[in-house]
$ cat structure09.cif   # mmCIF, C-alpha atoms
data_query
#
loop_
_atom_site.label_atom_id
_atom_site.label_comp_id
_atom_site.auth_asym_id
_atom_site.auth_seq_id
_atom_site.Cartn_x
_atom_site.Cartn_y
_atom_site.Cartn_z
CA MET A 1 81.30 124.30 163.81
CA GLU A 2 83.85 122.04 162.10
CA GLN A 3 86.62 123.61 164.16
CA LYS A 4 84.73 123.11 167.43
CA PHE A 5 83.89 119.52 166.49
CA LEU A 6 87.51 118.62 165.70
CA GLU A 7 88.84 120.36 168.82
CA ASN A 8 86.42 118.42 171.01
CA PHE A 9 87.31 115.16 169.29
CA LYS A 10 90.99 115.69 170.08
CA GLU A 11 90.11 115.42 173.74
CA ILE A 12 88.07 112.26 173.21
CA LEU A 13 90.86 110.55 171.26
CA GLU A 14 93.49 112.01 173.59
CA VAL A 15 95.59 113.46 170.78
CA GLU A 16 95.93 117.00 172.10
CA ASP A 17 99.40 117.40 170.55
CA ARG A 18 98.32 117.25 166.91
CA ASP A 19 95.46 118.28 164.64
CA LEU A 20 92.71 115.99 163.40
CA THR A 21 91.16 116.16 159.93
CA LEU A 22 87.76 115.14 158.61
CA GLU A 23 89.43 112.27 156.73
CA ASP A 24 90.64 110.65 159.98
CA ASN A 25 88.97 107.36 160.91
CA PHE A 26 88.28 107.67 164.62
CA ARG A 27 87.97 103.89 164.95
CA ASP A 28 91.66 103.52 164.08
CA TYR A 29 92.80 105.37 167.21
CA PRO A 30 93.98 103.29 170.17
CA GLU A 31 91.94 105.46 172.53
CA TRP A 32 88.68 104.67 170.71
CA ASP A 33 86.76 102.26 172.95
CA SER A 34 83.25 102.02 174.44
CA LEU A 35 83.96 104.81 176.92
CA ALA A 36 85.28 107.08 174.16
CA ASN A 37 82.13 106.25 172.18
CA LEU A 38 79.96 107.35 175.14
CA SER A 39 82.03 110.51 175.49
CA ALA A 40 81.51 111.25 171.78
CA ILE A 41 77.72 110.81 172.00
CA ALA A 42 77.69 113.02 175.09
CA MET A 43 79.91 115.69 173.51
CA ILE A 44 77.72 115.85 170.37
CA ASP A 45 74.62 116.15 172.55
CA ASP A 46 76.21 118.90 174.67
CA GLU A 47 77.70 120.92 171.83
CA PHE A 48 75.20 120.46 169.02
CA GLY A 49 72.00 119.39 170.82
CA VAL A 50 71.48 116.19 168.83
CA VAL A 51 71.83 112.51 169.65
CA ILE A 52 73.05 110.20 166.89
CA ASP A 53 71.15 106.91 166.91
CA ASN A 54 73.40 103.98 167.81
CA ASN A 55 72.56 102.01 164.63
CA GLU A 56 73.57 105.01 162.56
CA PHE A 57 76.69 105.67 164.62
CA LYS A 58 77.93 102.11 164.05
CA LYS A 59 78.07 102.73 160.28
CA LEU A 60 80.19 105.87 160.57
CA ASN A 61 83.96 105.69 160.41
CA THR A 62 85.52 109.06 159.56
CA LEU A 63 85.11 112.30 161.44
CA GLY A 64 83.70 113.80 158.23
CA GLU A 65 80.94 111.18 158.09
CA LEU A 66 80.12 111.84 161.73
CA LEU A 67 80.01 115.60 161.22
CA ALA A 68 77.70 115.14 158.21
CA ALA A 69 75.39 113.00 160.33
CA ILE A 70 75.30 115.70 163.02
CA LYS A 71 74.50 118.40 160.46
CA SER A 72 71.72 116.36 158.87
CA ARG A 73 70.25 115.68 162.33
CA MET A 74 70.43 119.38 163.24
CA ASN A 75 68.54 120.32 160.08
CA SER A 76 65.79 117.70 160.41
CA MET B 1 52.46 108.95 178.15
CA ILE B 2 50.28 107.02 180.56
CA PHE B 3 49.40 109.47 183.31
CA SER B 4 47.73 108.57 186.58
CA SER B 5 46.86 110.60 189.66
CA HIS B 6 45.93 108.97 192.98
CA GLU B 7 44.11 110.68 195.78
CA ASN B 8 43.89 109.58 199.40
CA ILE B 9 46.82 107.18 199.25
CA LYS B 10 49.85 108.01 201.33
CA ILE B 11 53.37 106.63 201.50
CA ALA B 12 53.50 105.51 205.14
CA GLY B 13 57.07 104.25 205.23
CA ILE B 14 60.12 103.31 203.21
CA SER B 15 63.10 101.18 204.12
CA VAL B 16 66.23 99.83 202.41
CA ALA B 17 68.56 96.91 203.16
CA ILE B 18 72.04 96.38 201.69
CA PRO B 19 74.58 93.57 202.06
CA SER B 20 77.74 94.24 204.11
CA GLN B 21 80.24 93.41 201.36
CA LYS B 22 81.71 96.49 199.66
CA ILE B 23 83.63 96.44 196.38
CA ASN B 24 85.85 99.38 195.46
CA VAL B 25 86.38 100.16 191.79
CA THR B 26 90.12 100.21 192.54
CA ASP B 27 89.80 96.46 193.29
CA TYR B 28 89.52 96.08 189.50
CA TYR B 29 92.90 97.68 188.75
CA THR B 30 94.51 94.27 188.20
CA ASN B 31 91.68 93.01 185.94
CA PHE B 32 91.03 96.01 183.73
CA GLY B 33 94.05 98.31 184.24
CA GLU B 34 94.28 101.50 186.27
CA GLU B 35 93.57 103.87 183.38
CA THR B 36 90.35 102.14 182.25
CA VAL B 37 89.03 101.91 185.81
CA ASP B 38 89.82 105.55 186.60
CA LYS B 39 88.22 106.71 183.35
CA PHE B 40 85.10 104.70 184.07
CA SER B 41 84.92 105.95 187.65
CA GLU B 42 85.27 109.56 186.60
CA MET B 43 82.49 109.39 184.01
CA ALA B 44 80.10 107.05 185.84
CA GLY B 45 80.73 108.62 189.24
CA VAL B 46 80.99 105.24 190.96
CA LYS B 47 83.71 104.62 193.53
CA GLN B 48 82.19 101.72 195.41
CA THR B 49 79.30 99.23 195.21
CA THR B 50 77.70 96.75 197.59
CA ARG B 51 77.46 93.06 196.79
CA ALA B 52 75.30 90.28 198.19
CA ILE B 53 76.92 87.03 199.29
CA ASP B 54 76.24 83.98 197.06
CA GLU B 55 73.49 82.58 199.30
CA GLN B 56 71.68 85.91 199.59
CA THR B 57 68.90 86.50 197.05
CA ALA B 58 67.26 89.77 196.10
CA SER B 59 64.20 88.77 198.12
CA ASP B 60 66.36 88.29 201.25
CA LEU B 61 67.33 91.96 201.03
CA GLY B 62 63.71 92.99 200.39
CA PHE B 63 62.56 90.82 203.31
CA GLU B 64 65.00 92.47 205.74
CA ALA B 65 63.88 95.92 204.56
CA ALA B 66 60.23 94.91 205.16
CA ILE B 67 61.00 93.62 208.67
CA LYS B 68 62.56 96.99 209.57
CA LEU B 69 59.51 98.74 208.14
CA PHE B 70 57.15 96.61 210.26
CA GLU B 71 59.24 97.30 213.38
CA ALA B 72 59.02 101.05 212.76
CA LYS B 73 55.36 101.24 211.72
CA ASN B 74 53.85 98.69 214.10
CA ILE B 75 50.80 98.05 211.90
CA ASN B 76 48.28 95.22 211.94
CA LYS B 77 49.62 92.91 209.23
CA GLU B 78 46.11 91.64 208.50
CA ASP B 79 45.36 95.00 206.94
CA ILE B 80 47.87 94.43 204.12
CA GLY B 81 45.95 93.41 201.01
CA ILE B 82 48.62 93.66 198.32
CA LEU B 83 52.21 92.43 198.14
CA ILE B 84 54.13 93.19 194.95
CA PHE B 85 57.73 92.07 194.48
CA VAL B 86 59.68 93.83 191.72
CA SER B 87 62.89 92.15 190.64
CA GLN B 88 64.85 90.62 187.80
CA LYS B 89 66.42 88.10 190.17
CA PRO B 90 63.58 85.97 191.64
CA ASP B 91 64.25 83.05 194.02
CA TYR B 92 62.76 80.46 191.64
CA ARG B 93 61.48 80.20 188.06
CA SER B 94 58.09 79.73 189.68
CA PRO B 95 56.13 80.58 191.74
CA SER B 96 56.39 84.36 192.06
CA THR B 97 58.78 85.28 194.88
CA ALA B 98 56.00 87.44 196.37
CA PHE B 99 54.51 84.20 197.78
CA VAL B 100 57.79 83.32 199.51
CA LEU B 101 57.79 86.80 201.04
CA GLN B 102 54.13 86.47 202.09
CA LYS B 103 55.02 83.33 204.06
CA ARG B 104 58.20 84.77 205.56
CA LEU B 105 56.48 88.01 206.58
CA GLY B 106 53.53 86.15 208.09
CA LEU B 107 50.82 87.78 205.98
CA ASN B 108 47.39 86.17 205.83
CA HIS B 109 45.54 84.68 202.84
CA ASP B 110 43.37 87.72 202.07
CA ILE B 111 46.01 89.31 199.88
CA ILE B 112 47.04 89.77 196.26
CA CYS B 113 50.60 88.53 195.63
CA PHE B 114 52.60 88.65 192.41
CA ASP B 115 55.95 89.63 190.92
CA ILE B 116 56.76 92.31 188.38
CA ASN B 117 59.76 91.61 186.15
CA LEU B 118 61.24 95.08 185.71
CA ALA B 119 64.66 96.56 186.36
CA CYS B 120 65.64 100.21 186.75
CA SER B 121 62.12 101.52 186.09
CA GLY B 122 60.61 98.97 188.50
CA PHE B 123 60.16 101.12 191.57
CA VAL B 124 58.02 103.69 189.75
CA PHE B 125 55.98 101.06 187.85
CA GLY B 126 55.54 99.00 191.02
CA LEU B 127 54.45 102.06 192.97
CA GLN B 128 51.89 103.02 190.32
CA THR B 129 50.53 99.45 190.26
CA ALA B 130 50.31 99.32 194.07
CA HIS B 131 48.44 102.66 194.15
CA SER B 132 45.95 101.44 191.54
CA LEU B 133 45.30 98.10 193.23
CA LEU B 134 45.01 99.53 196.72
CA ASN B 135 42.52 102.13 195.55
CA GLN B 136 40.28 99.38 194.14
CA SER B 137 40.52 97.09 197.16
CA ASN B 138 38.84 96.83 200.56
CA LYS B 139 42.16 96.72 202.43
CA LYS B 140 44.11 99.49 204.14
CA PHE B 141 47.73 98.80 203.18
CA ALA B 142 49.82 97.70 200.20
CA LEU B 143 53.42 96.53 200.45
CA LEU B 144 55.82 97.12 197.57
CA ILE B 145 59.14 95.30 197.74
CA THR B 146 61.81 95.97 195.12
CA ALA B 147 65.16 94.19 195.15
CA ASP B 148 67.94 93.16 192.80
CA THR B 149 71.28 91.41 192.82
CA SER B 150 72.29 92.45 189.30
CA TYR B 151 75.85 91.17 189.70
CA LYS B 152 74.66 87.55 189.63
CA THR B 153 74.09 87.49 185.87
CA LEU B 154 77.03 89.68 184.86
CA SER B 155 80.12 88.42 183.09
CA PRO B 156 83.16 89.24 185.25
CA GLU B 157 84.74 90.66 182.09
CA ASP B 158 81.90 93.08 181.35
CA ARG B 159 83.80 95.95 182.90
CA THR B 160 81.33 98.83 182.70
CA MET B 161 78.50 96.63 184.03
CA ILE B 162 80.45 94.84 186.75
CA MET B 163 81.87 98.06 188.21
CA LEU B 164 78.52 99.88 187.96
CA PHE B 165 75.87 97.72 189.64
CA GLY B 166 75.23 97.34 193.36
CA ASP B 167 72.84 95.07 195.28
CA SER B 168 70.03 96.12 197.61
CA GLY B 169 66.37 95.71 198.51
CA SER B 170 63.62 98.08 199.56
CA ALA B 171 60.19 97.94 201.15
CA LEU B 172 57.51 100.59 200.94
CA LEU B 173 54.17 100.76 202.72
CA LEU B 174 51.18 102.49 201.12
CA GLU B 175 48.22 103.47 203.25
CA LYS B 176 44.69 104.64 202.45
CA LYS B 177 44.43 108.03 204.13
CA VAL B 178 42.89 111.41 203.33
CA THR B 179 45.73 113.33 201.69
CA GLU B 180 44.21 116.80 201.09
CA ASN B 181 45.16 117.59 197.50
CA LYS B 182 48.46 115.78 197.76
CA ASN B 183 47.91 113.28 194.96
CA ASN B 184 50.77 111.01 194.06
CA GLN B 185 51.12 111.11 190.27
CA PHE B 186 52.91 109.01 187.68
CA GLY B 187 53.91 109.18 184.00
CA LEU B 188 54.91 105.94 182.29
CA ARG B 189 56.16 104.73 178.92
CA SER B 190 57.38 101.43 177.42
CA ASN B 191 59.22 100.51 174.22
CA GLY B 192 59.23 96.76 173.53
CA TYR B 193 60.64 97.43 170.07
CA LYS B 194 63.96 97.72 171.87
CA PHE B 195 63.56 94.60 174.03
CA LYS B 196 67.04 93.40 173.04
CA SER B 197 68.76 96.55 174.38
CA ILE B 198 69.24 95.03 177.83
CA ILE B 199 68.70 91.29 177.79
CA THR B 200 69.58 88.03 179.53
CA PRO B 201 68.92 85.69 176.56
CA ALA B 202 69.06 82.23 178.16
CA GLY B 203 67.64 80.61 181.28
CA ALA B 204 63.99 80.79 180.20
CA PHE B 205 62.15 79.06 177.36
CA ARG B 206 63.01 80.87 174.12
CA ASN B 207 66.62 79.73 174.05
CA MET B 208 66.50 76.41 175.81
CA ASP B 209 69.17 74.94 173.53
CA LEU B 210 71.87 77.44 174.52
CA LYS B 211 74.75 76.00 176.52
CA ASN B 212 76.25 77.92 179.40
CA ILE B 213 79.51 78.56 177.57
CA GLU B 214 81.45 81.82 177.65
CA GLU B 215 82.44 83.12 174.24
CA GLU B 216 83.81 86.36 172.88
CA TRP B 217 80.99 88.59 171.60
CA THR B 218 81.29 91.15 168.79
CA ASP B 219 82.09 93.89 171.34
CA GLY B 220 85.22 91.93 172.35
CA ILE B 221 83.85 90.97 175.77
CA THR B 222 83.61 87.34 176.88
CA ARG B 223 80.20 86.37 178.19
CA SER B 224 77.65 83.56 177.98
CA ASP B 225 74.01 83.74 176.91
CA TYR B 226 73.10 83.39 180.58
CA ASN B 227 74.79 86.74 181.29
CA THR B 228 72.97 90.05 181.03
CA HIS B 229 74.02 92.07 178.02
CA MET B 230 73.46 95.79 177.63
CA LYS B 231 73.86 97.67 174.37
CA GLY B 232 75.57 100.54 176.13
CA MET B 233 75.37 103.17 173.41
CA GLU B 234 71.72 102.45 172.65
CA VAL B 235 70.70 102.65 176.31
CA PHE B 236 72.81 105.76 176.82
CA GLY B 237 71.11 107.43 173.85
CA PHE B 238 67.68 106.46 175.23
CA SER B 239 68.57 107.85 178.66
CA ILE B 240 69.53 111.27 177.34
CA THR B 241 66.65 111.65 174.84
CA ASP B 242 63.51 109.66 175.77
CA VAL B 243 63.86 110.14 179.52
CA PRO B 244 64.13 113.97 179.51
CA LYS B 245 61.23 114.04 177.01
CA LEU B 246 59.04 112.04 179.43
CA ILE B 247 60.01 114.33 182.32
CA GLU B 248 59.13 117.37 180.22
CA ASP B 249 55.76 115.84 179.28
CA PHE B 250 55.10 114.95 182.92
CA PHE B 251 55.79 118.52 184.09
CA LYS B 252 53.29 119.75 181.47
CA THR B 253 50.55 117.22 182.24
CA SER B 254 50.88 117.60 186.01
CA SER B 255 51.16 121.40 185.72
CA SER B 256 54.30 121.34 187.82
CA GLN B 257 57.83 122.64 187.39
CA PRO B 258 61.21 121.85 188.95
CA SER B 259 60.85 124.59 191.58
CA ASP B 260 57.71 122.82 192.94
CA TYR B 261 59.80 119.87 194.18
CA ASP B 262 61.97 119.66 197.29
CA THR B 263 64.20 116.95 195.89
CA PHE B 264 64.76 114.78 192.80
CA ALA B 265 65.26 111.10 193.66
CA LEU B 266 66.37 109.88 190.25
CA HIS B 267 67.49 106.43 189.18
CA GLN B 268 71.25 106.43 189.77
CA ALA B 269 72.12 105.27 186.24
CA ASN B 270 75.45 107.07 186.10
CA GLN B 271 76.68 110.53 186.97
CA TYR B 272 76.81 111.74 183.39
CA ILE B 273 73.16 110.87 182.74
CA LEU B 274 72.12 112.64 185.96
CA LYS B 275 73.97 115.75 184.79
CA GLN B 276 72.21 115.57 181.42
CA LEU B 277 68.77 115.26 183.05
CA SER B 278 69.64 118.24 185.24
CA ARG B 279 70.61 120.31 182.21
CA LYS B 280 67.82 119.23 179.86
CA ASN B 281 64.97 119.42 182.36
CA LYS B 282 66.31 122.53 184.13
CA ILE B 283 66.61 120.68 187.43
CA PRO B 284 69.21 122.35 189.72
CA TYR B 285 71.97 119.74 190.06
CA GLU B 286 72.26 120.39 193.81
CA LYS B 287 68.65 119.20 194.17
CA ILE B 288 69.59 115.73 192.86
CA PRO B 289 70.91 113.65 195.78
CA ILE B 290 73.64 111.17 194.82
CA SER B 291 74.15 107.68 196.19
CA LEU B 292 75.82 105.98 193.23
CA ASP B 293 79.29 107.09 194.34
CA ARG B 294 79.09 104.72 197.34
CA TYR B 295 76.45 102.19 196.23
CA GLY B 296 76.51 102.16 192.41
CA ASN B 297 73.48 101.71 190.17
CA ASN B 298 70.96 99.69 192.19
CA SER B 299 68.44 98.82 189.48
CA SER B 300 64.88 99.31 190.80
CA ASN B 301 66.17 100.26 194.28
CA SER B 302 68.09 103.36 193.27
CA VAL B 303 65.16 105.65 194.11
CA PRO B 304 64.40 104.28 197.62
CA LEU B 305 68.14 103.94 198.33
CA VAL B 306 68.91 107.55 197.52
CA LEU B 307 65.95 108.67 199.69
CA CYS B 308 67.04 106.58 202.69
CA ASP B 309 70.67 107.61 202.20
CA HIS B 310 69.88 111.33 202.26
CA TYR B 311 66.72 111.86 204.31
CA SER B 312 66.53 109.21 207.06
CA LYS B 313 68.13 111.61 209.58
CA ASN B 314 65.71 114.47 208.89
CA GLU B 315 62.80 114.62 211.29
CA ASN B 316 59.24 115.44 210.38
CA GLN B 317 59.93 117.30 207.15
CA ASN B 318 57.27 117.06 204.45
CA LEU B 319 58.82 116.50 201.04
CA ARG B 320 57.41 116.62 197.57
CA VAL B 321 59.73 114.28 195.70
CA PHE B 322 60.18 113.92 191.96
CA ILE B 323 61.09 110.33 191.11
CA ALA B 324 62.25 108.71 187.87
CA GLY B 325 63.46 105.28 186.76
CA PHE B 326 64.47 103.98 183.33
CA GLY B 327 66.02 100.85 181.85
CA ALA B 328 65.38 97.35 180.49
CA GLY B 329 62.26 96.94 178.38
CA LEU B 330 62.89 99.59 177.39
CA SER B 331 60.83 101.05 180.17
CA TRP B 332 60.79 104.54 181.69
CA ALA B 333 58.64 106.31 184.24
CA CYS B 334 58.57 109.28 186.56
CA GLY B 335 56.32 110.67 189.22
CA SER B 336 55.54 113.14 191.95
CA ILE B 337 55.16 111.71 195.45
CA TYR B 338 54.71 113.13 198.94
CA ILE B 339 56.53 111.69 201.92
CA ASN B 340 57.41 112.79 205.45
CA THR B 341 61.08 112.28 206.31
CA SER B 342 60.11 110.61 209.61
CA ASP B 343 58.76 107.76 207.46
CA ILE B 344 62.12 107.32 205.70
CA LEU B 345 64.16 104.75 207.62
CA PRO B 346 67.95 104.47 207.83
CA ILE B 347 69.74 101.96 205.58
CA HIS B 348 69.94 98.54 207.20
CA ILE B 349 73.01 96.33 206.59
CA THR B 350 72.48 92.57 206.57
CA ASP B 351 73.87 89.30 205.24
CA ASN B 352 70.90 87.22 206.41
CA TYR B 353 69.36 84.76 203.99
CA TYR B 354 66.49 82.29 203.93
CA LYS B 355 68.06 78.93 204.72
CA GLU B 356 64.75 77.03 204.38
CA GLY B 357 64.43 78.35 200.84
CA LYS B 358 67.05 75.93 199.56
CA ILE B 359 65.36 72.91 197.96
#

$ encode --input "structure09.cif" --output "structure tokens"
Amino acid sequence: MEQKFLENFKEILEVEDRDLTLEDNFRDYPEWDSLANLSAIAMIDDEFGVVIDNNEFKKLNTLGELLAAIKSRMNS
Amino acid sequence: MIFSSHENIKIAGISVAIPSQKINVTDYYTNFGEETVDKFSEMAGVKQTTRAIDEQTASDLGFEAAIKLFEAKNINKEDIGILIFVSQKPDYRSPSTAFVLQKRLGLNHDIICFDINLACSGFVFGLQTAHSLLNQSNKKFALLITADTSYKTLSPEDRTMIMLFGDSGSALLLEKKVTENKNNQFGLRSNGYKFKSIITPAGAFRNMDLKNIEEEWTDGITRSDYNTHMKGMEVFGFSITDVPKLIEDFFKTSSSQPSDYDTFALHQANQYILKQLSRKNKIPYEKIPISLDRYGNNSSNSVPLVLCDHYSKNENQNLRVFIAGFGAGLSWACGSIYINTSDILPIHITDNYYKEGKI
């Protein structure tokens, strides 16, 4: 799941040429904008079947935090 | 979910008017950059929108649609007992624009006239209201007019909004008639706890002290409090969770399933959301006609616009249509309606406006 999540996020941040880690702050990437944010919500919905609430999303910064939020949503 | 089922009321005609001016998303290359525009266009599915001229109000577009409807249906106007105008862009602060339309359309005094302030869900809510009122009245017809010129409160810098919304108006005639088990049905929900999700803060009476000054907001976009602001992520989340849930509940309550419908005239929010509704509600994507590529998101008029765009050339074909609209409020609704394609008129293009309306 972690692998799939990181692979999909590479597309969103348009960094296909290198690997992402859970420590990466997605908000630091130049490609992170409102459209990338929409793509991320959509990708998470498509791949994992959950929608992260916008108020919660705003507080998340690293890919690890986001993945944890997805997992907790999937289990609830 | 509020569920209602209406017997012996028939949709007798539907018509749409659009302004002649067309804006291509590529026109925004210089403002927002080619990459941003192309990315937006690919995800939203919008290539072009229509835009009213400055003098043209939403009601002007609705009026022209109603005139075309009267020409086609040739009814006795005295039999119209209800006129509802759904819009977020009225002619005046008061009175309701429905009265202006009553005068312009030459309708008599024995009629109920008022406005409904709703956006993208407005067609479905307006249609449900018109059904309910007509059923309880001693008149034969109800006229529902929906129209919006969303662009007029958008900041030119609000890129996803400005490239997304198009202007149009629609008119729909409801008639009391024996319908033989073909009830039009509706499912409706509202969430005022999210009233700030899509909001135009100033221009009414809560924020009378706000000056019409453009400032940079926390999202980095320059707009004034007189502009409409949408919390994009919040509304997007709502559209891909609450809306499919309502549709699912409606299918259950109405004992229907996607295969029972000939077509799905859904609010043209953006292409991605339409794909999600298709996937989540098991609606074959090819049964969802698209108009947003050429007309954009038309607020309350998306549903009538997509019907007129796709079915006005078909003759005498009886359709069971699934409709849905969702947006500001938050407000979301869907329904099952019956209509014959001969009663769906072609899209009318007009730049006419009501010169006497200027005070």

$ atom_distance --input "structure09.cif" --atom1 "atom CA of Ile290 of chain B" --atom2 "atom CA of Leu345 of chain B"
17.2 Å

$ resolve_selection --input "structure09.cif" --expression "the PyMOL selection byres ((chain B) within 10 of (chain A))" --output "list in words"
Thr36, Lys39, Phe40, Met43, Ala44, Thr160, Asp219, Lys231, Gly232, Met233, Glu234, Val235, Phe236, Gly237, Phe238, Ile240, Thr241, Tyr272, Ile273, Gln276, Arg279 and Lys280 of chain B

$ closest_residue --input "structure09.cif" --among "B:Ile84, B:Ile339, B:Ile283, B:Ala119" --to "Phe165 of chain B" --atoms "only C-alpha atoms"
B:Ala119

$ axis_aligned_box --input "structure09.cif" --around "segment 11-29 of chain A" --padding-each-side "4 Å" --output "JSON"
{"center_x": 93.6, "center_y": 110.9, "center_z": 165.2, "size_x": 19.6, "size_y": 22.8, "size_z": 25.0}

$ closest_residue --input "structure09.cif" --among "A:Glu14, A:Asn8, A:Ala68, A:Arg73" --to "Trp32 of chain A" --atoms "only C-alpha atoms"
A:Glu14

$ closest_residue --input "structure09.cif" --among "B:Lys152, B:Arg294, B:Lys355, B:Lys140" --to "Ile18 of chain B" --atoms "only C-alpha atoms"
B:Arg294

$ residues_around --input "structure09.cif" --residues "segment 3-5 of chain A" --least-positions-apart "2" --cutoff "10 Å" --atoms "all atoms listed in the file" --output "MDAnalysis selection string"
chainID A and resid 1 7:10 20:22 43:44 47:48 63 66:67

$ residues_around --input "structure09.cif" --residues "segment 347-349 of chain B" --least-positions-apart "6" --cutoff "6 Å" --atoms "only C-alpha atoms" --output "MDAnalysis selection string"
chainID B and resid 16:20

$ atom_distance --input "structure09.cif" --atom1 "atom CA of Ser72 of chain A" --atom2 "atom CA of Lys245 of chain B"
21.1 Å

$ closest_residue --input "structure09.cif" --among "B:Thr26, B:Asn181, B:Ser190, B:Thr146" --to "Asp38 of chain B" --atoms "only C-alpha atoms"
B:Thr26

$ residues_around --input "structure09.cif" --residues "Lys282 of chain B" --least-positions-apart "4" --cutoff "12 Å" --atoms "all atoms listed in the file" --output "list of chain:residue names"
B:Pro244, B:Ile247, B:Glu248, B:Phe251, B:Gln257, B:Pro258, B:Ser259, B:Phe264, B:Leu274, B:Lys275, B:Gln276, B:Leu277, B:Ser278, B:Glu286, B:Lys287, B:Ile288

$ resolve_selection --input "structure09.cif" --expression "the PyMOL selection byres ((chain B and resi 192) around 9)" --output "NGL selection string"
:B and (190-191 or 193-196 or 329-331)
